Structures are given as structure tokens and as C-alpha cells.
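Engineer: My file is run01.txt. It has compact mmCIF, C-alpha atoms and all ligand atoms:
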```txt
# COMPACT_ATOMS: atom_id res chain seq x y z
CA MET G 67 -31.76 1.66 -6.75
CA SER G 68 -30.26 -0.42 -3.95
CA THR G 69 -32.30 -2.38 -1.42
CA THR G 70 -31.61 -1.90 2.30
CA TYR G 71 -31.20 -5.01 4.46
CA SER G 72 -31.28 -5.55 8.21
CA PRO G 73 -28.31 -7.16 9.97
CA GLN G 74 -30.48 -10.27 10.44
CA GLN G 75 -31.22 -10.48 6.72
CA LEU G 76 -27.52 -10.22 5.89
CA ARG G 77 -26.66 -12.85 8.49
CA GLN G 78 -29.26 -15.20 7.03
CA ARG G 79 -27.57 -14.88 3.64
CA LEU G 80 -24.13 -15.44 5.14
CA ASP G 81 -25.41 -18.52 6.96
CA ARG G 82 -26.26 -20.17 3.63
CA LEU G 83 -22.56 -20.31 2.71
CA PRO G 84 -20.06 -22.98 3.75
CA ARG G 85 -17.85 -21.75 6.57
CA LEU G 86 -14.97 -23.10 8.64
CA ARG G 87 -14.38 -21.97 12.23
CA LEU G 88 -10.78 -20.75 12.41
CA ALA G 89 -10.81 -17.32 14.07
CA ALA G 90 -11.34 -16.23 17.68
CA LEU G 91 -14.38 -14.01 17.21
CA PRO G 92 -15.52 -11.40 17.96
CA THR G 93 -12.22 -9.56 17.88
CA PRO G 94 -11.93 -6.67 20.35
CA LEU G 95 -12.76 -3.05 19.57
CA ASP G 96 -10.36 -0.85 21.56
CA GLU G 97 -10.31 2.88 22.14
CA LEU G 98 -6.87 4.51 21.71
CA PRO G 99 -7.04 7.79 23.66
CA ARG G 100 -3.30 8.29 24.03
CA LEU G 101 -2.70 7.86 20.30
CA SER G 102 -5.57 10.26 19.56
CA ALA G 103 -3.99 12.85 21.88
CA ALA G 104 -0.52 12.31 20.39
CA ILE G 105 -1.66 12.99 16.86
CA GLY G 106 -3.89 15.84 18.05
CA GLY G 107 -6.78 14.41 16.23
CA PRO G 108 -10.02 12.49 16.26
CA GLN G 109 -11.15 9.84 18.66
CA ILE G 110 -9.65 6.55 17.40
CA TRP G 111 -11.20 3.12 17.85
CA MET G 112 -9.24 0.13 16.64
CA LYS G 113 -10.87 -3.08 15.40
CA ARG G 114 -8.35 -5.73 16.39
CA GLU G 115 -8.26 -8.08 13.42
CA ASP G 116 -4.64 -8.72 14.42
CA LEU G 117 -6.19 -10.74 17.26
CA THR G 118 -8.06 -13.37 15.24
CA GLY G 119 -6.09 -15.96 17.18
CA LEU G 120 -4.63 -18.65 14.98
CA ALA G 121 -0.93 -18.33 14.11
CA PHE G 122 -0.58 -14.73 15.36
CA GLY G 123 -3.87 -13.72 13.75
CA GLY G 124 -4.57 -11.18 11.04
CA ASN G 125 -7.37 -10.59 8.53
CA LYS G 126 -6.74 -13.75 6.46
CA ILE G 127 -7.74 -16.02 9.35
CA ARG G 128 -11.22 -14.49 9.20
CA GLU G 129 -11.20 -14.47 5.37
CA PHE G 130 -10.16 -18.13 5.15
CA GLU G 131 -13.25 -19.20 7.12
CA TYR G 132 -15.22 -18.57 3.93
CA SER G 133 -12.61 -18.95 1.14
CA ILE G 134 -10.95 -22.15 2.33
CA ALA G 135 -14.40 -23.60 3.04
CA GLN G 136 -14.69 -23.54 -0.76
CA ALA G 137 -11.46 -25.56 -1.01
CA VAL G 138 -12.77 -28.13 1.46
CA GLU G 139 -16.08 -28.38 -0.45
CA ALA G 140 -14.15 -28.93 -3.69
CA GLY G 141 -12.01 -31.70 -2.14
CA CYS G 142 -8.70 -29.81 -2.39
CA ASP G 143 -5.81 -31.22 -0.38
CA VAL G 144 -2.96 -28.70 -0.85
CA LEU G 145 -3.00 -24.99 -0.03
CA VAL G 146 -0.57 -22.98 -2.15
CA HIS G 147 0.40 -19.35 -1.79
CA GLY G 148 3.09 -17.12 -3.20
CA ALA G 149 3.97 -13.47 -2.61
CA ALA G 150 6.82 -11.68 -0.81
CA SER G 151 9.12 -13.80 1.36
CA GLN G 152 7.62 -12.28 4.53
CA SER G 153 4.05 -12.76 3.33
CA ASN G 154 1.45 -12.86 6.09
CA GLN G 155 -0.86 -14.80 3.85
CA SER G 156 1.77 -17.50 3.29
CA ARG G 157 2.13 -17.87 7.08
CA GLN G 158 -1.64 -17.99 7.55
CA THR G 159 -2.05 -20.43 4.63
CA ALA G 160 0.53 -22.78 6.16
CA ALA G 161 -1.09 -22.61 9.60
CA VAL G 162 -4.59 -23.29 8.29
CA ALA G 163 -3.29 -26.18 6.17
CA ALA G 164 -1.71 -27.66 9.31
CA LYS G 165 -4.95 -27.24 11.25
CA LEU G 166 -7.00 -28.87 8.49
CA GLY G 167 -4.50 -31.69 7.88
CA MET G 168 -3.61 -30.44 4.39
CA LYS G 169 -0.26 -29.95 2.71
CA ALA G 170 1.02 -26.36 2.20
CA VAL G 171 3.43 -24.92 -0.34
CA GLN G 172 4.79 -21.36 -0.29
CA VAL G 173 6.12 -20.17 -3.64
CA GLY G 174 7.58 -16.89 -2.42
CA ARG G 175 10.58 -15.01 -3.78
CA ALA G 176 14.09 -14.17 -2.66
CA ASP G 177 13.95 -10.53 -1.58
CA ALA G 178 15.41 -8.07 0.93
CA HIS G 179 13.62 -9.75 3.86
CA SER G 180 14.01 -13.43 3.15
CA GLN G 181 15.98 -14.20 6.30
CA LEU G 182 14.58 -16.99 8.51
CA GLN G 183 12.60 -14.63 10.72
CA GLY G 184 9.02 -13.50 11.25
CA ASN G 185 6.49 -14.94 8.82
CA LEU G 186 9.03 -17.00 6.89
CA LEU G 187 10.21 -18.70 10.07
CA LEU G 188 6.61 -19.47 11.04
CA THR G 189 5.72 -20.79 7.58
CA HIS G 190 8.59 -23.29 7.93
CA LEU G 191 7.46 -24.12 11.47
CA PHE G 192 3.96 -24.94 10.22
CA GLY G 193 5.55 -27.53 7.94
CA ALA G 194 5.05 -25.91 4.52
CA ASP G 195 7.34 -26.64 1.59
CA VAL G 196 9.00 -23.28 0.94
CA LEU G 197 10.40 -22.19 -2.42
CA LEU G 198 12.05 -18.77 -2.78
CA PRO G 199 13.05 -18.39 -6.44
CA PRO G 200 14.39 -15.09 -7.84
CA ALA G 201 11.54 -12.60 -8.36
CA ASN G 202 11.60 -12.95 -12.15
CA GLU G 203 11.08 -16.71 -11.88
CA GLN G 204 8.32 -16.65 -9.26
CA ALA G 205 5.32 -16.81 -11.64
CA ALA G 206 6.81 -19.67 -13.66
CA THR G 207 7.77 -21.55 -10.47
CA LEU G 208 4.21 -21.19 -9.18
CA GLN G 209 2.77 -22.58 -12.43
CA ALA G 210 5.29 -25.46 -12.46
CA THR G 211 4.52 -26.24 -8.80
CA LEU G 212 0.76 -26.34 -9.43
CA ALA G 213 1.30 -28.56 -12.50
CA SER G 214 3.53 -31.02 -10.67
CA LEU G 215 1.12 -31.21 -7.71
CA ARG G 216 -1.72 -32.03 -10.11
CA GLN G 217 0.42 -34.59 -11.88
CA ALA G 218 1.10 -36.27 -8.53
CA GLY G 219 -2.68 -36.58 -8.01
CA HIS G 220 -3.15 -33.60 -5.67
CA LYS G 221 -5.87 -31.00 -5.89
CA PRO G 222 -4.22 -27.65 -5.08
CA PHE G 223 -6.02 -24.48 -4.01
CA ASN G 224 -4.22 -21.16 -4.43
CA THR G 225 -5.34 -19.05 -1.46
CA SER G 226 -4.72 -15.80 -3.41
CA SER G 227 -6.73 -16.41 -6.53
CA ASP G 228 -9.10 -19.31 -5.74
CA GLY G 229 -12.27 -18.34 -3.88
CA ALA G 230 -11.01 -14.76 -3.62
CA ALA G 231 -14.48 -13.20 -3.60
CA TYR G 232 -15.30 -15.26 -0.49
CA ARG G 233 -12.51 -13.48 1.36
CA GLY G 234 -14.50 -10.26 1.01
CA ILE G 235 -17.67 -12.06 2.07
CA ALA G 236 -15.92 -12.74 5.39
CA TYR G 237 -15.69 -8.99 5.91
CA VAL G 238 -19.39 -8.53 5.29
CA ASP G 239 -19.62 -10.65 8.41
CA GLY G 240 -16.72 -8.73 9.99
CA PHE G 241 -18.48 -5.41 9.46
CA LEU G 242 -21.72 -6.68 11.03
CA GLU G 243 -19.64 -7.63 14.07
CA LEU G 244 -17.95 -4.20 14.13
CA TRP G 245 -21.24 -2.34 13.69
CA GLU G 246 -22.81 -4.19 16.60
CA GLN G 247 -19.82 -3.33 18.82
CA LEU G 248 -20.01 0.35 17.83
CA GLN G 249 -23.71 0.46 18.60
CA GLU G 250 -23.20 -1.23 21.98
CA ARG G 251 -20.71 1.52 22.86
CA ASN G 252 -22.85 4.25 21.34
CA VAL G 253 -20.02 5.25 18.98
CA GLN G 254 -20.91 6.94 15.70
CA PRO G 255 -17.87 6.83 13.43
CA ASP G 256 -17.26 9.38 10.69
CA VAL G 257 -14.88 7.15 8.77
CA VAL G 258 -13.22 3.73 8.70
CA TYR G 259 -9.52 3.45 7.76
CA VAL G 260 -8.19 0.16 6.46
CA ALA G 261 -5.04 -1.15 4.80
CA SER G 262 -6.57 -1.80 1.42
CA GLY G 263 -5.40 -4.75 -0.54
CA ALA G 264 -9.00 -5.25 -1.59
CA HIS G 265 -11.09 -7.86 0.22
CA THR G 266 -11.34 -6.47 3.76
CA HIS G 267 -12.20 -3.12 2.23
CA THR G 268 -14.79 -4.35 -0.30
CA GLY G 269 -16.51 -6.66 2.17
CA MET G 270 -16.98 -3.90 4.74
CA VAL G 271 -18.24 -1.43 2.13
CA VAL G 272 -20.78 -3.96 0.81
CA ALA G 273 -22.06 -4.58 4.35
CA ALA G 274 -22.30 -0.87 5.18
CA ARG G 275 -24.15 -0.01 1.96
CA ALA G 276 -26.44 -3.05 2.34
CA LEU G 277 -27.37 -1.72 5.79
CA GLY G 278 -28.04 1.66 4.15
CA LEU G 279 -25.20 3.44 5.99
CA PRO G 280 -23.54 6.41 4.27
CA LEU G 281 -20.32 5.73 6.27
CA ARG G 282 -17.07 6.73 4.53
CA PHE G 283 -14.22 4.22 4.08
CA VAL G 284 -10.66 5.29 3.36
CA GLY G 285 -8.34 2.56 2.10
CA ILE G 286 -4.58 3.00 2.20
CA SER G 287 -2.79 0.83 -0.34
CA PRO G 288 0.36 -1.11 0.63
CA SER G 289 1.46 -1.28 -3.03
CA PRO G 290 1.95 1.23 -5.84
CA ARG G 291 -1.24 1.42 -7.94
CA ASP G 292 -3.52 3.86 -9.71
CA ASN G 293 -6.23 4.98 -7.25
CA ASP G 294 -8.99 5.13 -9.89
CA ALA G 295 -8.10 1.76 -11.41
CA ALA G 296 -8.07 0.24 -7.89
CA ALA G 297 -11.55 1.67 -7.21
CA GLN G 298 -12.82 0.17 -10.48
CA HIS G 299 -11.29 -3.21 -9.68
CA MET G 300 -12.74 -3.19 -6.16
CA ALA G 301 -16.21 -2.20 -7.44
CA THR G 302 -16.15 -5.31 -9.65
CA LEU G 303 -15.15 -7.44 -6.66
CA ALA G 304 -17.89 -5.85 -4.53
CA ALA G 305 -20.46 -6.68 -7.24
CA GLU G 306 -19.29 -10.29 -6.99
CA HIS G 307 -19.89 -10.24 -3.20
CA CYS G 308 -23.43 -8.95 -3.85
CA ARG G 309 -24.02 -11.70 -6.43
CA ILE G 310 -22.84 -14.43 -4.02
CA LEU G 311 -25.02 -13.05 -1.22
CA ASP G 312 -27.95 -12.47 -3.58
CA ILE G 313 -28.41 -8.88 -2.46
CA ASP G 314 -29.41 -5.94 -4.60
CA VAL G 315 -26.88 -3.24 -3.67
CA ASP G 316 -25.11 -0.89 -6.08
CA ILE G 317 -21.49 -0.23 -5.21
CA THR G 318 -19.71 2.37 -7.33
CA PRO G 319 -15.98 3.16 -7.56
CA ALA G 320 -16.74 6.32 -5.54
CA ASP G 321 -17.61 4.06 -2.58
CA LEU G 322 -14.13 2.52 -2.76
CA GLU G 323 -11.77 5.38 -2.05
CA SER G 324 -8.14 4.30 -1.73
CA TYR G 325 -4.79 6.06 -1.70
CA ALA G 326 -1.44 4.73 -2.85
CA GLU G 327 0.38 7.93 -1.81
CA PHE G 328 1.74 6.37 1.40
CA VAL G 329 3.52 3.36 -0.15
CA GLY G 330 6.86 5.15 -0.53
CA ALA G 331 9.50 3.48 -2.70
CA ASP G 332 7.66 0.17 -2.95
CA TYR G 333 5.62 -2.53 -1.22
CA GLY G 334 7.30 -3.52 2.03
CA VAL G 335 9.73 -0.60 2.12
CA VAL G 336 9.55 1.36 5.38
CA THR G 337 8.87 5.11 4.97
CA ASP G 338 9.47 7.95 7.44
CA GLY G 339 5.69 8.08 7.91
CA SER G 340 5.26 4.37 8.59
CA ARG G 341 8.23 4.36 11.00
CA GLU G 342 6.68 7.27 12.88
CA ALA G 343 3.27 5.54 12.90
CA LEU G 344 4.77 2.29 14.23
CA GLN G 345 6.69 4.12 16.96
CA TRP G 346 3.83 6.37 18.07
CA THR G 347 1.35 3.52 18.23
CA ALA G 348 3.81 1.39 20.19
CA ARG G 349 4.83 4.20 22.54
CA THR G 350 1.39 5.60 23.29
CA GLU G 351 -0.69 2.41 23.41
CA GLY G 352 1.79 -0.50 23.71
CA LEU G 353 0.34 -1.68 20.42
CA VAL G 354 2.15 -3.25 17.49
CA LEU G 355 1.50 -2.36 13.84
CA ASP G 356 3.24 -4.02 10.89
CA PRO G 357 5.74 -2.53 8.44
CA CYS G 358 3.94 -3.40 5.16
CA TYR G 359 0.22 -2.70 5.69
CA THR G 360 -1.01 -1.20 8.95
CA GLY G 361 2.08 0.98 9.49
CA LYS G 362 1.38 2.65 6.17
CA ALA G 363 -2.37 2.83 6.80
CA MET G 364 -1.70 4.60 10.12
CA ALA G 365 0.80 6.90 8.37
CA GLY G 366 -2.04 7.77 5.98
CA LEU G 367 -4.42 8.52 8.84
CA ILE G 368 -1.82 10.69 10.62
CA ALA G 369 -1.10 12.59 7.38
CA HIS G 370 -4.81 13.15 6.79
CA VAL G 371 -5.26 14.46 10.36
CA ARG G 372 -2.35 16.86 9.78
CA ALA G 373 -3.97 17.97 6.54
CA GLY G 374 -7.16 18.82 8.45
CA TRP G 375 -9.36 16.01 7.13
CA TRP G 376 -10.40 14.96 10.67
CA THR G 377 -10.84 17.09 13.78
CA ALA G 378 -10.80 16.28 17.49
CA GLN G 379 -14.62 16.23 17.42
CA GLN G 380 -14.73 13.36 14.95
CA THR G 381 -14.38 9.60 15.31
CA VAL G 382 -12.27 7.22 13.25
CA VAL G 383 -12.32 3.44 13.27
CA PHE G 384 -8.96 1.96 12.25
CA VAL G 385 -9.06 -1.69 11.21
CA HIS G 386 -5.85 -3.41 12.33
CA THR G 387 -5.52 -6.18 9.74
CA GLY G 388 -2.51 -7.81 11.43
CA GLY G 389 0.84 -8.65 9.85
CA THR G 390 2.88 -8.06 13.00
CA PRO G 391 5.25 -11.09 12.66
CA ALA G 392 6.88 -9.42 9.63
CA LEU G 393 8.24 -6.81 12.02
CA PHE G 394 10.93 -9.22 13.21
CA ALA G 395 12.54 -9.17 9.76
CA TYR G 396 12.63 -5.36 9.74
CA ALA G 397 14.94 -4.51 12.66
CA ALA G 398 17.37 -2.58 10.48
CA GLU G 399 14.68 -0.31 9.01
CA LEU G 400 12.85 0.62 12.21
CA GLY G 401 15.29 3.32 13.27
CA LEU G 402 15.65 1.95 16.79
CA ASP G 403 18.62 2.67 19.02
CA THR G 404 20.20 -0.78 19.37
CA SER G 405 23.25 0.30 21.37
CA VAL G 406 21.90 -1.40 24.53
CA ARG G 407 22.66 -4.73 22.87
CA THR G 408 26.37 -4.06 23.10
CA GLY G 409 26.32 -3.40 26.86
CA GLY G 410 27.13 -6.97 27.93
CA ARG G 411 25.18 -9.26 30.20
CA THR G 412 22.45 -8.04 32.52
CA GLY G 413 23.60 -10.15 35.46
CA GLY G 414 21.54 -11.12 38.47
CA MET G 415 18.14 -11.04 36.75
CA ASP G 416 15.64 -13.84 36.46
CA ASN G 417 15.62 -15.60 33.12
CA ALA G 418 11.88 -15.50 32.54
C1 LIG J 501 -1.66 -7.25 7.36
C2 LIG J 501 -2.45 -7.22 6.12
N1 LIG J 501 -3.33 -6.22 5.93
C3 LIG J 501 -4.09 -6.13 4.82
C4 LIG J 501 -3.95 -7.05 3.79
C5 LIG J 501 -4.86 -6.92 2.62
O1 LIG J 501 -5.72 -8.03 2.60
P1 LIG J 501 -7.08 -8.09 1.78
O2 LIG J 501 -6.82 -7.70 0.38
O3 LIG J 501 -7.46 -9.53 1.86
O4 LIG J 501 -8.03 -7.19 2.45
C6 LIG J 501 -3.04 -8.12 3.94
C7 LIG J 501 -2.82 -9.14 2.90
O5 LIG J 501 -2.42 -8.98 1.84
C8 LIG J 501 -2.28 -8.20 5.12
O6 LIG J 501 -1.41 -9.21 5.31
```
What does the file become when written as C-alpha cells?
Ligand SMILES: Cc1ncc(COP(=O)(O)O)c(C=O)c1O
Structural biologist:
Amino acid sequence: MSTTYSPQQLRQRLDRLPRLRLAALPTPLDELPRLSAAIGGPQIWMKREDLTGLAFGGNKIREFEYSIAQAVEAGCDVLVHGAASQSNQSRQTAAVAAKLGMKAVQVGRADAHSQLQGNLLLTHLFGADVLLPPANEQAATLQATLASLRQAGHKPFNTSSDGAAYRGIAYVDGFLELWEQLQERNVQPDVVYVASGAHTHTGMVVAARALGLPLRFVGISPSPRDNDAAAQHMATLAAEHCRILDIDVDITPADLESYAEFVGADYGVVTDGSREALQWTARTEGLVLDPCYTGKAMAGLIAHVRAGWWTAQQTVVFVHTGGTPALFAYAAELGLDTSVRTGGRTGGMDNA
């Protein structure tokens, strides 16, 4: 049997934990009526975690308030991260390191998007050391980098694996913020959609269940994975959040629904659905999604509306987790008509 907590009781528990102030909070909650009309579906509210402020924002800036606080407490002096070349987390790691006066190292990989654009450009700009070994050497390069940093007397903190449970804790806080905004606007959502790596999803589910809310969460995975195994993994992570917060809440795999059906060929590969989602969101609301996470999450929502999961009478909250700088490395895949570029100069116009 789970215990139910008030928002104040959850906040008191969050307040016991070390926290940095990195994000511009609260992030906005916007209604998207033209997108709702375009997809012929439910009312859509978007929680703008792309607008957390620092370094073009995104969910990691909020997550790092709690996870990198652990690094500071432990006396770490280098933030390390490694994933795809256009990793949002590498960009956000480098920016936070700069802000905290730490060193940053990105151990990414050479891949289809490793041109000096988007996140990779920004990671360089923030002063990180950037290594892009071939994919099959990435894990060994990361281990060698950590070993040589330690040998040189540094104390590295890997922002993926170290303090990972605290990243979800940040979204316990994030959900309390969202819930307050929904109540202020008298909005009663039927479901929350989120690009589900893990932590944003697990943190919000823990908060909702701790408040005693039966709210449904649908996670859309950016990477190929088994849906049931992902739910199991996330339930373990959620139990860790509950342990850290010292709350008595049972989270089962059934609470952590997620779908890998919208990934397409692989992580970071644009699909017809994600291209359509990016274009519709841009063209109805002037709003930018990203090609790896939120584009696919929105493609999942659109597909579910078409399949009759959600009607015009219902209300969806879509959590925009950020990632938009990656878009600039994806021009070729977006299916845009670029012929205007060949039309010569646009004389007589102001330059600004
Ligand atoms: C834009 C975006 N959305 C979602 C995620 C998933 O993050 P998390 O697992 O921390 O919730 C990431 C990071 O991997 C991301 O960059």
C-alpha cells in the first residue's frame, strides 16, 4: 500500500537535498490550439522544458540542478559525457561545467551528424575537450579518458551514470511545478506524453503517484528497446527516487508505459512521422521540436490520435524536453525545399 503525500510534503523532502540553481523556472505551460486543430485531436498543452534557459535549455538543465549538486558535494572538478556527436547532454554538460568553473570532456563518436553544427558546435564553444572516436572505440576511449583524468589528479563525474537517480528527482520537482500550473488554469489532463529516455518520465510518475493521482503517462522512446524491459528498468529507477526521497510509494512497470515503435531505423534517424510532426508543430504554432526526441514523441502522439486513443474532448500534456540545437545538423533530412538558397542575393534589405 502506497502513502499519499501533499505537494508541501514532497517539497519538504526535495528541500533536504543539495541543489544548484541553473534553470529558469518555472518553465511556461502553453496551449497549442492550432496544432490540436491540425491533428484533429485533443486539447494539447505543452510544458516548455526546452525553455530552461541555460545554453538553449532542455530537460538536463533542470536535471543537473540535483545530479551535478552531487558532483559538487563530492568535490569533482571535471564533467565528462559521451553519447552521439550531436548529444544534447554533452552540450548541456559543457555549459554547466563552464558556469561552475569546471573542466568538461565530451567523449562522443564519429557518426552521420558529426559536422561542426548544432550541439557539437556549442560544446566546442563552451570550451570542452571533444573526442569523437569511431563508434566501436567509444567505450574504451571513455574508460581511458576517465583513467587519465584520475591519474592527473582530477576527480571526474560522468553526467550520464553518476548521480543518475537525482536526474529523476529533478522531475519530481518538475511535476509539482506542472501540476500547480495545470490547477491554476483549471486544466484536467487525461495523459502526459514525454520523450522517454528514463529520468524525466520516472520522476514525473513518482510525483504523480505520490500525490495519489491516477494520471496516465505515455513515454515515447528515442532508441530501439523492448517496451517491457524498459518498464522494468524504469520501475527500478523510480524505486530509487522513492528511496532517496524517503517516501512510501509503489511504482510498478505498468505505471511506466513506453513505446519504441516510433524510433524508425535507429536513434537519431528522421522518420516520415517525425518529419511530419516537426513541420506541423513549426507551421501551426511557430514552435521547434528536435529530430531525435521530441519529434518522435510528437509523431507518437499524432499516431495515437489517428488510432483513436484520444478524442477532441480530451486533454494531453506534451512535455517538450528540448534538444532543438541538433536540428541544425539535420538540414538534409528535414525534407525542406531549399531552392530559395540558389536565387542569388536579396538586395536592398536591411542586414538585421
Ligand atoms: C531532448 C531530450 N529529450 C529527452 C531526453 C531523455 O532524457 P531523460 O532520460 O533524462 O529523461 C534527452 C536526453 O537524453 C534529450 O536530450
Engineer: Please write out, as JSON, where the centre of an axis-aligned box around all listed atoms of ligand LIG 501 (chain J) lies and how long its edges are, in Å to one decimal, after adding 8 Å on each side.
Structural biologist:
```
{"center_x": -4.7, "center_y": -7.8, "center_z": 3.9, "size_x": 22.6, "size_y": 19.4, "size_z": 23.0}
```
Engineer: Show me which residues line ligand LIG 501 (chain J), defined as having an atom within 7 Å of a ligand atom where all atoms listed in the file count, and present them as a list in words.
Structural biologist: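 Counting all atoms listed in the file, the residues within 7 Å of ligand LIG 501 (chain J) come out as Gly124, Asn125, Lys126, Ser153, Asn154, Gln155, Arg233, Ala261, Ser262, Gly263, Ala264, His265, Thr266, His267, Asp356, Tyr359, Thr360, Thr387, Gly388 and Gly389 of chain G.
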Engineer: Which residues are near stretch 89-93 of chain G? Cut-off 10 Å, only C-alpha atoms, ignore same chain within fewer than 5 positions. Put them as a list in words.
Structural biologist: Lys113, Arg114, Glu115, Asp116, Leu117, Thr118, Gly119, Leu120, Ala121, Gly123, Gly124, Asn125, Lys126, Ile127, Arg128, Glu129, Phe130, Glu131, Gly240, Glu243, Leu244 and Gln247 of chain G
Engineer: What is the atom CA of G:Gln254-atom CA of G:Gly234 distance in Å, reported with one decimal?
Structural biologist: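 Interatomic distance, atom CA of G:Gln254 to atom CA of G:Gly234: 23.5 Å.
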Engineer: Provide the atom CA of G:Arg157 to atom CA of G:Ala194 distance in Å, to one decimal place.
Structural biologist: 8.9 Å
Engineer: Which residues are near G:Asp294? Cut-off 12 Å, all atoms listed in the file, ignore same chain within fewer than 4 positions. Put them as a VMD selection string.
Structural biologist: chain G and resid 298 to 301 318 to 326
Engineer: Would you list the contacts of stretch 343-346 of chain G as a PDB file with C-alpha atoms, in the coordinates of the input, taking every protein, DNA or RNA residue within 6 Å and counting only C-alpha atoms, but skipping same-chain residues closer than 6 positions in sequence?
Structural biologist:
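The result, written out as around-v6.pdb:
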```
ATOM      1  CA  LEU G 355       1.500  -2.360  13.840  1.00  0.00           C
ATOM      2  CA  GLY G 361       2.080   0.980   9.490  1.00  0.00           C
ATOM      3  CA  MET G 364      -1.700   4.600  10.120  1.00  0.00           C
ATOM      4  CA  ALA G 365       0.800   6.900   8.370  1.00  0.00           C
TER       5      ALA G 365
END
```
Engineer: Which residues, written as a ChimeraX atom specification, have at least one atom at most 9 Å from G:Ala161, with all atoms listed in the file counted and residues fewer than 2 positions away on the same chain left out?
Structural biologist: /G:120-121,156-159,163-166,170,188-189,191-194
Engineer: Once you have the residues from the selection above, write them out as a PDB file, in the frame of the given file, restricted to C-alpha atoms.
Structural biologist:
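selection.pdb, freshly written:
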```pdb
ATOM      1  CA  LEU G 120      -4.630 -18.650  14.980  1.00  0.00           C
ATOM      2  CA  ALA G 121      -0.930 -18.330  14.110  1.00  0.00           C
ATOM      3  CA  SER G 156       1.770 -17.500   3.290  1.00  0.00           C
ATOM      4  CA  ARG G 157       2.130 -17.870   7.080  1.00  0.00           C
ATOM      5  CA  GLN G 158      -1.640 -17.990   7.550  1.00  0.00           C
ATOM      6  CA  THR G 159      -2.050 -20.430   4.630  1.00  0.00           C
ATOM      7  CA  ALA G 163      -3.290 -26.180   6.170  1.00  0.00           C
ATOM      8  CA  ALA G 164      -1.710 -27.660   9.310  1.00  0.00           C
ATOM      9  CA  LYS G 165      -4.950 -27.240  11.250  1.00  0.00           C
ATOM     10  CA  LEU G 166      -7.000 -28.870   8.490  1.00  0.00           C
ATOM     11  CA  ALA G 170       1.020 -26.360   2.200  1.00  0.00           C
ATOM     12  CA  LEU G 188       6.610 -19.470  11.040  1.00  0.00           C
ATOM     13  CA  THR G 189       5.720 -20.790   7.580  1.00  0.00           C
ATOM     14  CA  LEU G 191       7.460 -24.120  11.470  1.00  0.00           C
ATOM     15  CA  PHE G 192       3.960 -24.940  10.220  1.00  0.00           C
ATOM     16  CA  GLY G 193       5.550 -27.530   7.940  1.00  0.00           C
ATOM     17  CA  ALA G 194       5.050 -25.910   4.520  1.00  0.00           C
TER      18      ALA G 194
END
```
Engineer: Since the input lacks some atoms of stretch 367-385 of chain G, please model N, CA and C atoms and print them as a PDB file, in the frame of the given file.
Structural biologist:
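The file below, rebuild.pdb, is the result:
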```
ATOM      1  N   LEU G 367      -3.481   7.850   7.932  1.00  0.00           N
ATOM      2  CA  LEU G 367      -4.420   8.520   8.840  1.00  0.00           C
ATOM      3  C   LEU G 367      -3.763   9.744   9.491  1.00  0.00           C
ATOM      4  N   ILE G 368      -2.516   9.575   9.958  1.00  0.00           N
ATOM      5  CA  ILE G 368      -1.820  10.690  10.620  1.00  0.00           C
ATOM      6  C   ILE G 368      -1.652  11.858   9.625  1.00  0.00           C
ATOM      7  N   ALA G 369      -1.280  11.536   8.393  1.00  0.00           N
ATOM      8  CA  ALA G 369      -1.100  12.590   7.380  1.00  0.00           C
ATOM      9  C   ALA G 369      -2.427  13.297   7.101  1.00  0.00           C
ATOM     10  N   HIS G 370      -3.505  12.540   7.057  1.00  0.00           N
ATOM     11  CA  HIS G 370      -4.810  13.150   6.790  1.00  0.00           C
ATOM     12  C   HIS G 370      -5.259  14.032   7.963  1.00  0.00           C
ATOM     13  N   VAL G 371      -4.933  13.620   9.192  1.00  0.00           N
ATOM     14  CA  VAL G 371      -5.260  14.460  10.360  1.00  0.00           C
ATOM     15  C   VAL G 371      -4.465  15.772  10.259  1.00  0.00           C
ATOM     16  N   ARG G 372      -3.185  15.641   9.914  1.00  0.00           N
ATOM     17  CA  ARG G 372      -2.350  16.860   9.780  1.00  0.00           C
ATOM     18  C   ARG G 372      -2.875  17.776   8.679  1.00  0.00           C
ATOM     19  N   ALA G 373      -3.457  17.166   7.658  1.00  0.00           N
ATOM     20  CA  ALA G 373      -3.970  17.970   6.540  1.00  0.00           C
ATOM     21  C   ALA G 373      -5.370  18.522   6.832  1.00  0.00           C
ATOM     22  N   GLY G 374      -5.883  18.233   8.040  1.00  0.00           N
ATOM     23  CA  GLY G 374      -7.160  18.820   8.450  1.00  0.00           C
ATOM     24  C   GLY G 374      -8.390  18.041   8.013  1.00  0.00           C
ATOM     25  N   TRP G 375      -8.192  16.794   7.550  1.00  0.00           N
ATOM     26  CA  TRP G 375      -9.360  16.010   7.130  1.00  0.00           C
ATOM     27  C   TRP G 375     -10.255  15.672   8.318  1.00  0.00           C
ATOM     28  N   TRP G 376      -9.638  15.427   9.497  1.00  0.00           N
ATOM     29  CA  TRP G 376     -10.400  14.960  10.670  1.00  0.00           C
ATOM     30  C   TRP G 376     -10.039  15.796  11.869  1.00  0.00           C
ATOM     31  N   THR G 377     -11.061  16.227  12.614  1.00  0.00           N
ATOM     32  CA  THR G 377     -10.840  17.090  13.780  1.00  0.00           C
ATOM     33  C   THR G 377     -11.014  16.294  15.067  1.00  0.00           C
ATOM     34  N   ALA G 378     -10.685  16.937  16.175  1.00  0.00           N
ATOM     35  CA  ALA G 378     -10.800  16.280  17.490  1.00  0.00           C
ATOM     36  C   ALA G 378     -12.244  15.916  17.819  1.00  0.00           C
ATOM     37  N   GLN G 379     -13.202  16.530  17.137  1.00  0.00           N
ATOM     38  CA  GLN G 379     -14.620  16.230  17.420  1.00  0.00           C
ATOM     39  C   GLN G 379     -15.098  14.990  16.666  1.00  0.00           C
ATOM     40  N   GLN G 380     -14.274  14.482  15.778  1.00  0.00           N
ATOM     41  CA  GLN G 380     -14.730  13.360  14.950  1.00  0.00           C
ATOM     42  C   GLN G 380     -14.192  12.020  15.443  1.00  0.00           C
ATOM     43  N   THR G 381     -14.721  10.953  14.853  1.00  0.00           N
ATOM     44  CA  THR G 381     -14.380   9.600  15.310  1.00  0.00           C
ATOM     45  C   THR G 381     -13.965   8.734  14.127  1.00  0.00           C
ATOM     46  N   VAL G 382     -12.817   8.098  14.287  1.00  0.00           N
ATOM     47  CA  VAL G 382     -12.270   7.220  13.250  1.00  0.00           C
ATOM     48  C   VAL G 382     -12.220   5.797  13.782  1.00  0.00           C
ATOM     49  N   VAL G 383     -12.601   4.852  12.957  1.00  0.00           N
ATOM     50  CA  VAL G 383     -12.320   3.440  13.270  1.00  0.00           C
ATOM     51  C   VAL G 383     -11.159   3.008  12.385  1.00  0.00           C
ATOM     52  N   PHE G 384     -10.120   2.472  13.001  1.00  0.00           N
ATOM     53  CA  PHE G 384      -8.960   1.960  12.250  1.00  0.00           C
ATOM     54  C   PHE G 384      -9.006   0.440  12.353  1.00  0.00           C
ATOM     55  N   VAL G 385      -9.024  -0.228  11.204  1.00  0.00           N
ATOM     56  CA  VAL G 385      -9.060  -1.690  11.210  1.00  0.00           C
ATOM     57  C   VAL G 385      -7.626  -2.206  11.168  1.00  0.00           C
TER      58      VAL G 385
END
```
